[in-house]
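Enquirer: First the structure, which I've put down as C-alpha cells, then a few questions once you've had a look.
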Amino acid sequence: MRKMTRAVTVGAAAAGLLAVVVPNVMANSPGHEHPAKPAPGHSKPGGSDPAPLRALAQKAGIRIGTAVNSDALADEAPYEAKVGSEFSSVSPENVMKWDTVEPARGTYNYTQADALVSYAKAHGQLVRGHTLVWYNQLPSWVTSGDFTADQLRQVLHDHITSEVKHFKGKIWQWDVVNEAFNDDGSYRDDIWLQKLGPSYIEDAFRWAHQADPKAVLFINDYNIEGVNAKSTAVYDLVAKLRKEGVPLQGVGIQGHLDTQYPAPHDIATNMARFDKLGVQTAITEADVRIPLPADNTEVEAQNEAYQTLLEGCLLTRNCTDFTVWGFTDKYSWVPSTFKGEGQANIFDENYQPKTAYTALSQDLRLAGR
Ligand code: XIL
C-alpha cells in the first residue's frame with residue numbers, strides 16, 4: 001500500500017520534477033552568478049540539506065545505499081560518520097568478492113565482510129551482498145585451475161553455498177550474477193560461459209536460494225539503464241528463468257554514467273517492463289564521472305544524470321533501493337579505471353556535499369511528500 005502511495009505521489013510530481021529541481025541545483029551555473037562563487041559542483045555554504053538522505057528516502061519508500069570501502073570505514077572517522085548518517089543500506093565495495101572471500105580453495109576469509117554486516121546492523125542498515133559470480137576479481141586458483149566442467153561447476157557450487165550460508169539471514173539482496181552480458185546482448189565470453197555454458201546462471205540462482213531462501217536474488221549489470229540490446233537480453237533471460245521457476249527475484253541496474261554521454265532518459269520505461277515481470281529492481285552502483293577538469297556544464301549534466309537514475313527508481317513501484325558506488329570523491333574507483341575522469345560522487349574529497357547531493361535530496365523530498 002505504501003508503494004502504491006509512493007508511485008501515485010511520484011507520478012503526480014514527476015512531470016514537474018526536472019523543471020522544479022534543476023533550476024535550484026543550477027544556482028551556481030553561468031548566468032546565475034553568486035558573489036562568492038564556489039568551485040563547480042560545490043554546494044553554496046549552508047546550502048546543503050539538513051535532513052540526511054536516509055530520512056528522505058524512508059519517506060519516499062526506498063532505501064538509499066552506498067558501496068563501502070572497508071579500510072576507510074575502519075580508519076577514517078568522517079567517512080564512517082557519513083556512512084552511518086546518510087545511508088540506510090550498504091554494499092561491500094570489494095570484501096564479499098571471490099578473491100577476498102575464498103583466496104585459496106576451501107579457505108574462507110570473512111573478516112572485513114563480517115565487520116560491515118555488524119556495522120550495518122548497529123546502524124539500522126540493510127546489506128546488499130555483492131557479488132557471487134563474476135568474471136572479475138577471481139583468484140588465480142579459479143582462473144588458472146585447469147578444471148574440467150564438472151570440477152568447475154563443483155567449485156562454483158561450493159563457493160556460492162559456503163558464502164551465502166555464512167551470511168544466512170543477514171543479507172537483504174544478493175547480486176548473484178554480475179555482468180554476464182556484452183553490450184550487444186550476447187553472453188559475456190568469460191570462464192563461466194566457456195566452461196559451463198549459459199546454464200551456470202540458473203544454477204547459481206538455485207544454489208544461492210538453497211543456501212538462504214529469504215535473501216532476494218538479483219542479476220546485476222551496467223549499461224542496462226535504458227532500453228537497449230543489453231537490457232533487452234537481460235529482460236528476456238529474466239522472463240525465461242522466471243517462467244521456468246528459477247529463484248531470480250531482482251534486477252540490479254548499476255548506473256555507472258559519464259557526462260560525455262546522454263543520460264538514460266528512458267530508464268523508467270525500461271524499469272517498468274521489469275516491474276511487470278514481477279521482479280524487484282534497484283539502482284545498485286550509481287556514479288557519474290566527468291572528464292577533468294570539470295566545468296559548470298558538466299557538473300549540471302552530472303546532477304541531471306544522478307536525478308535521472310533516482311527518478312527511474314522512484315517511478316518504479318518495485319524499485320527498492322538506490323545505491324551510490326561510493327559517496328566521496330576521496331575514495332572512488334573512477335580515476336584509476338577511467339583515465340582523465342573523476343569527481344563522480346556526491347560528496348567531495350573533504351566530505352562536503354556537492355550539488356549532486358542536493359539534487360538527489362530534492363528529488364527524494366518531492367517523492368516523499
Ligand atoms: C570495483 C571497485 O569499486 C574497485 O575498488 C575494484 O578495484 C574493482 O571493482 N562493477 C561492479 C563493481 O560490479 O564490483 C566494481 O567495483 C565496479 C564495476
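Ligands are numbered from 1 in the order shown, residues from 1 within each chain, and chains are lettered A, B, ... in the order they appear in the C-alpha cells.
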Using only C-alpha atoms and all ligand atoms, find each residue with an atom at most 9 Å away from ligand 1 and format the answer as a PyMOL selection string.
Expert: chain A and resi 67+69+92-94+97+130-131+134+136-137+175+178-179+220-222+254+256+284-285+325-326+331-334+336-337
Enquirer: Residues at most 9 Å from A:Leu138, counting only C-alpha atoms, excluding those fewer than 4 positions away in the same chain, as a list of chain:residue names?
Expert: A:Lys97, A:Trp98, A:Asp99, A:Thr100, A:Pro103, A:Trp134, A:Val142, A:Thr143
Enquirer: Quick one: write out the picked residues with N, CA and C atoms as a compact mmCIF listing (two decimals), in the first residue's frame?
Expert:
```txt
# COMPACT_ATOMS: atom_id res chain seq x y z
N LYS A 97 33.77 -10.19 -2.52
CA LYS A 97 34.14 -10.76 -3.83
C LYS A 97 35.03 -11.99 -3.64
N TRP A 98 35.08 -12.80 -4.70
CA TRP A 98 35.70 -14.12 -4.60
C TRP A 98 37.15 -14.04 -4.14
N ASP A 99 37.94 -13.10 -4.71
CA ASP A 99 39.37 -13.07 -4.38
C ASP A 99 39.62 -12.76 -2.91
N THR A 100 38.69 -12.03 -2.28
CA THR A 100 38.82 -11.77 -0.84
C THR A 100 38.27 -12.92 -0.01
N PRO A 103 40.34 -16.98 -1.08
CA PRO A 103 41.62 -16.77 -1.79
C PRO A 103 42.31 -18.08 -2.16
N TRP A 134 31.13 -13.64 -10.98
CA TRP A 134 31.61 -12.54 -11.80
C TRP A 134 32.86 -13.02 -12.51
N VAL A 142 41.19 -20.15 -9.36
CA VAL A 142 39.99 -20.40 -10.16
C VAL A 142 40.31 -20.22 -11.65
N THR A 143 40.96 -19.10 -11.99
CA THR A 143 41.16 -18.79 -13.42
C THR A 143 42.22 -19.69 -14.06
```
Enquirer: Suppose you want the space between atom CA of A:Gly124 and atom CA of A:Ser85; what is it in Å?
Expert: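 Between atom CA of A:Gly124 and atom CA of A:Ser85 the gap is 10.2 Å.
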Enquirer: Could you list, as a PDB file with C-alpha atoms, in the first residue's frame, every residue within 8 Å of A:Thr328, counting only C-alpha atoms and ignoring same-chain residues fewer than 6 positions away?
Expert:
```pdb
ATOM      1  CA  ASN A 345      30.498  11.104  -6.384  1.00  0.00           C
ATOM      2  CA  ILE A 346      28.021  13.172  -4.383  1.00  0.00           C
ATOM      3  CA  PHE A 347      30.465  14.399  -1.702  1.00  0.00           C
ATOM      4  CA  ASP A 348      33.823  15.988  -2.475  1.00  0.00           C
ATOM      5  CA  GLU A 349      37.162  14.805  -1.094  1.00  0.00           C
ATOM      6  CA  ASN A 350      36.573  16.785   2.108  1.00  0.00           C
ATOM      7  CA  TYR A 351      33.162  15.207   2.724  1.00  0.00           C
TER       8      TYR A 351
END
```
Enquirer: Excluding same-chain residues fewer than 2 positions from stretch 104-113 of chain A, what lies within 9 Å of it counting only C-alpha atoms, as a ChimeraX atom specification?
Expert: /A:70-71,92,94-96,99-102,115-118,139-142,155,158-159,162-163,166
Enquirer: If you measure from atom CA of A:Val68 to atom CA of A:Pro293, what distance in Å do you get, rounded to one decimal?
Expert: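 Between these atoms lies a distance of 26.0 Å.
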Enquirer: What gap, in Å, lies between atom CA of A:Arg128 and atom CA of A:Asp321?
Expert: 9.6 Å
Enquirer: Taking the DSSP assignment computed from this structure's backbone, write out as a list in words all residues of stretch 101-173 of chain A that belong to strand (DSSP E).
Expert: Leu126, Val127, Arg128, Gly129, His130, Thr131, Leu132, Val133 and Gln173 of chain A
Enquirer: Using only C-alpha atoms, find the one residue out of A:Lys339, A:His123, A:Arg153, A:Lys276 that sits nearest to A:Gly250.
Expert: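 Going through A:Lys339, A:His123, A:Arg153, A:Lys276 one by one, the smallest distance to A:Gly250 is for A:Lys276.
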Enquirer: Which is closer to A:Ala263 than all the others in A:Gln302, A:Ser88, A:Gln58, A:Thr358, using only C-alpha atoms?
Expert: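 That would be A:Gln302, the residue with the smallest distance to A:Ala263.
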Enquirer: Could you pull the residues within 8 Å of A:Asp183, counting only C-alpha atoms, minus those fewer than 4 positions along the same chain, as a PyMOL selection string?
Expert: chain A and resi 223+229-230
Enquirer: Only C-alpha atoms, please: the residues just picked out, written as a short mmCIF file (atom, residue, chain, number, x, y, z; two decimals), in the first residue's frame.
Expert:
```cif
data_model
loop_
_atom_site.label_atom_id
_atom_site.label_comp_id
_atom_site.auth_asym_id
_atom_site.auth_seq_id
_atom_site.Cartn_x
_atom_site.Cartn_y
_atom_site.Cartn_z
CA ASN A 223 24.67 -0.20 -19.47
CA ALA A 229 20.13 -4.57 -26.76
CA LYS A 230 21.75 -5.41 -23.44
#
```
Enquirer: With only C-alpha atoms as the counted atoms, please give the residues lying no more than 7 Å from stretch 207-209 of chain A, apart from itself and same-chain residues fewer than 4 positions off, as an mmCIF file with all heavy atoms, in the first residue's frame.
Expert:
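Result saved to result_11.cif:
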```
data_model
loop_
_atom_site.group_PDB
_atom_site.id
_atom_site.type_symbol
_atom_site.label_atom_id
_atom_site.label_comp_id
_atom_site.auth_asym_id
_atom_site.auth_seq_id
_atom_site.Cartn_x
_atom_site.Cartn_y
_atom_site.Cartn_z
ATOM 1 N N HIS A 157 29.595 -24.146 -7.163
ATOM 2 C CA HIS A 157 28.573 -24.563 -6.195
ATOM 3 C C HIS A 157 29.077 -24.367 -4.763
ATOM 4 O O HIS A 157 28.377 -23.806 -3.904
ATOM 5 C CB HIS A 157 28.205 -26.037 -6.414
ATOM 6 C CG HIS A 157 27.385 -26.618 -5.294
ATOM 7 N ND1 HIS A 157 27.960 -27.194 -4.169
ATOM 8 C CD2 HIS A 157 26.041 -26.669 -5.095
ATOM 9 C CE1 HIS A 157 26.997 -27.588 -3.343
ATOM 10 N NE2 HIS A 157 25.828 -27.283 -3.884
ATOM 11 N N ILE A 160 29.436 -20.540 -3.788
ATOM 12 C CA ILE A 160 28.142 -19.889 -3.549
ATOM 13 C C ILE A 160 27.516 -20.413 -2.262
ATOM 14 O O ILE A 160 27.053 -19.641 -1.408
ATOM 15 C CB ILE A 160 27.189 -20.129 -4.749
ATOM 16 C CG1 ILE A 160 27.704 -19.371 -5.980
ATOM 17 C CG2 ILE A 160 25.761 -19.726 -4.405
ATOM 18 C CD1 ILE A 160 26.923 -19.674 -7.255
ATOM 19 N N THR A 161 27.515 -21.726 -2.102
ATOM 20 C CA THR A 161 26.863 -22.328 -0.943
ATOM 21 C C THR A 161 27.538 -21.869 0.354
ATOM 22 O O THR A 161 26.865 -21.460 1.304
ATOM 23 C CB THR A 161 26.898 -23.863 -1.062
ATOM 24 O OG1 THR A 161 26.270 -24.222 -2.295
ATOM 25 C CG2 THR A 161 26.165 -24.526 0.090
ATOM 26 N N VAL A 164 26.978 -17.872 0.881
ATOM 27 C CA VAL A 164 25.587 -17.487 1.190
ATOM 28 C C VAL A 164 25.163 -18.058 2.549
ATOM 29 O O VAL A 164 24.478 -17.392 3.331
ATOM 30 C CB VAL A 164 24.639 -17.903 0.045
ATOM 31 C CG1 VAL A 164 23.196 -17.591 0.402
ATOM 32 C CG2 VAL A 164 25.036 -17.197 -1.244
ATOM 33 N N ASP A 203 21.900 -22.181 -12.425
ATOM 34 C CA ASP A 203 22.474 -22.972 -11.331
ATOM 35 C C ASP A 203 22.827 -22.062 -10.151
ATOM 36 O O ASP A 203 22.536 -22.383 -8.992
ATOM 37 C CB ASP A 203 23.762 -23.680 -11.793
ATOM 38 C CG ASP A 203 23.469 -24.878 -12.701
ATOM 39 O OD1 ASP A 203 22.309 -25.338 -12.734
ATOM 40 O OD2 ASP A 203 24.414 -25.345 -13.380
ATOM 41 N N PRO A 213 17.063 -19.095 1.670
ATOM 42 C CA PRO A 213 15.796 -18.938 0.929
ATOM 43 C C PRO A 213 15.170 -17.549 1.067
ATOM 44 O O PRO A 213 14.323 -17.183 0.255
ATOM 45 C CB PRO A 213 14.881 -20.002 1.548
ATOM 46 C CG PRO A 213 15.785 -20.952 2.253
ATOM 47 C CD PRO A 213 17.014 -20.185 2.649
ATOM 48 N N PRO A 247 14.716 -19.262 -9.021
ATOM 49 C CA PRO A 247 14.521 -18.240 -7.985
ATOM 50 C C PRO A 247 15.350 -16.968 -8.226
ATOM 51 O O PRO A 247 16.333 -16.704 -7.540
ATOM 52 C CB PRO A 247 14.956 -18.952 -6.701
ATOM 53 C CG PRO A 247 15.929 -19.994 -7.171
ATOM 54 C CD PRO A 247 15.474 -20.412 -8.536
#
```
Enquirer: Between A:Gln362, A:Ser144, A:Gln280, A:Ser91, which has the minimum distance to A:Ile171 (counting only C-alpha atoms)?
Expert: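 Residue with the minimum atom-to-atom distance to A:Ile171: A:Ser91.
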Enquirer: Report as a CSV table (one decimal) with N, CA, C and O atoms, in the first residue's frame all protein, DNA and RNA residues lying within 7 Å of A:Cys313, evaluated on only C-alpha atoms, omitting residues in the same chain fewer than 3 positions from it.
Expert:
```csv
chain,number,residue,atom,x,y,z
A,282,ALA,N,16.6,-2.3,-8.6
A,282,ALA,CA,17.4,-1.4,-7.7
A,282,ALA,C,18.4,-0.8,-8.6
A,282,ALA,O,18.9,-1.3,-9.6
A,283,ILE,N,18.8,0.5,-8.3
A,283,ILE,CA,20.0,1.1,-8.9
A,283,ILE,C,21.1,0.8,-7.9
A,283,ILE,O,21.0,1.1,-6.7
A,309,LEU,N,18.7,8.7,-12.8
A,309,LEU,CA,18.7,7.4,-12.2
A,309,LEU,C,17.7,7.3,-11.0
A,309,LEU,O,17.0,6.3,-10.9
A,310,LEU,N,17.8,8.3,-10.2
A,310,LEU,CA,16.9,8.2,-9.0
A,310,LEU,C,15.5,8.3,-9.4
A,310,LEU,O,14.6,7.6,-8.8
A,316,THR,N,9.3,3.6,-10.3
A,316,THR,CA,9.1,2.2,-10.5
A,316,THR,C,8.6,1.6,-9.2
A,316,THR,O,9.3,1.6,-8.2
A,319,CYS,N,10.9,-0.8,-7.3
A,319,CYS,CA,12.4,-0.4,-7.1
A,319,CYS,C,12.5,-0.2,-5.6
A,319,CYS,O,11.9,0.7,-5.0
```
Enquirer: Return the single residue from A:Thr259, A:Ser89, A:Gln249, A:Thr232 that is closest to A:Arg273, with distances computed using only C-alpha atoms.
Expert: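 Of A:Thr259, A:Ser89, A:Gln249, A:Thr232, the one nearest A:Arg273, counting only C-alpha atoms, is A:Thr232.
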Enquirer: Check the smallest atom-to-atom distance from each of A:Leu196, A:Ala180, A:Leu241, A:Val246 to A:Gln210 using only C-alpha atoms, then report the winner.
Expert: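 Using only C-alpha atoms, A:Gln210 sits closest to A:Val246.
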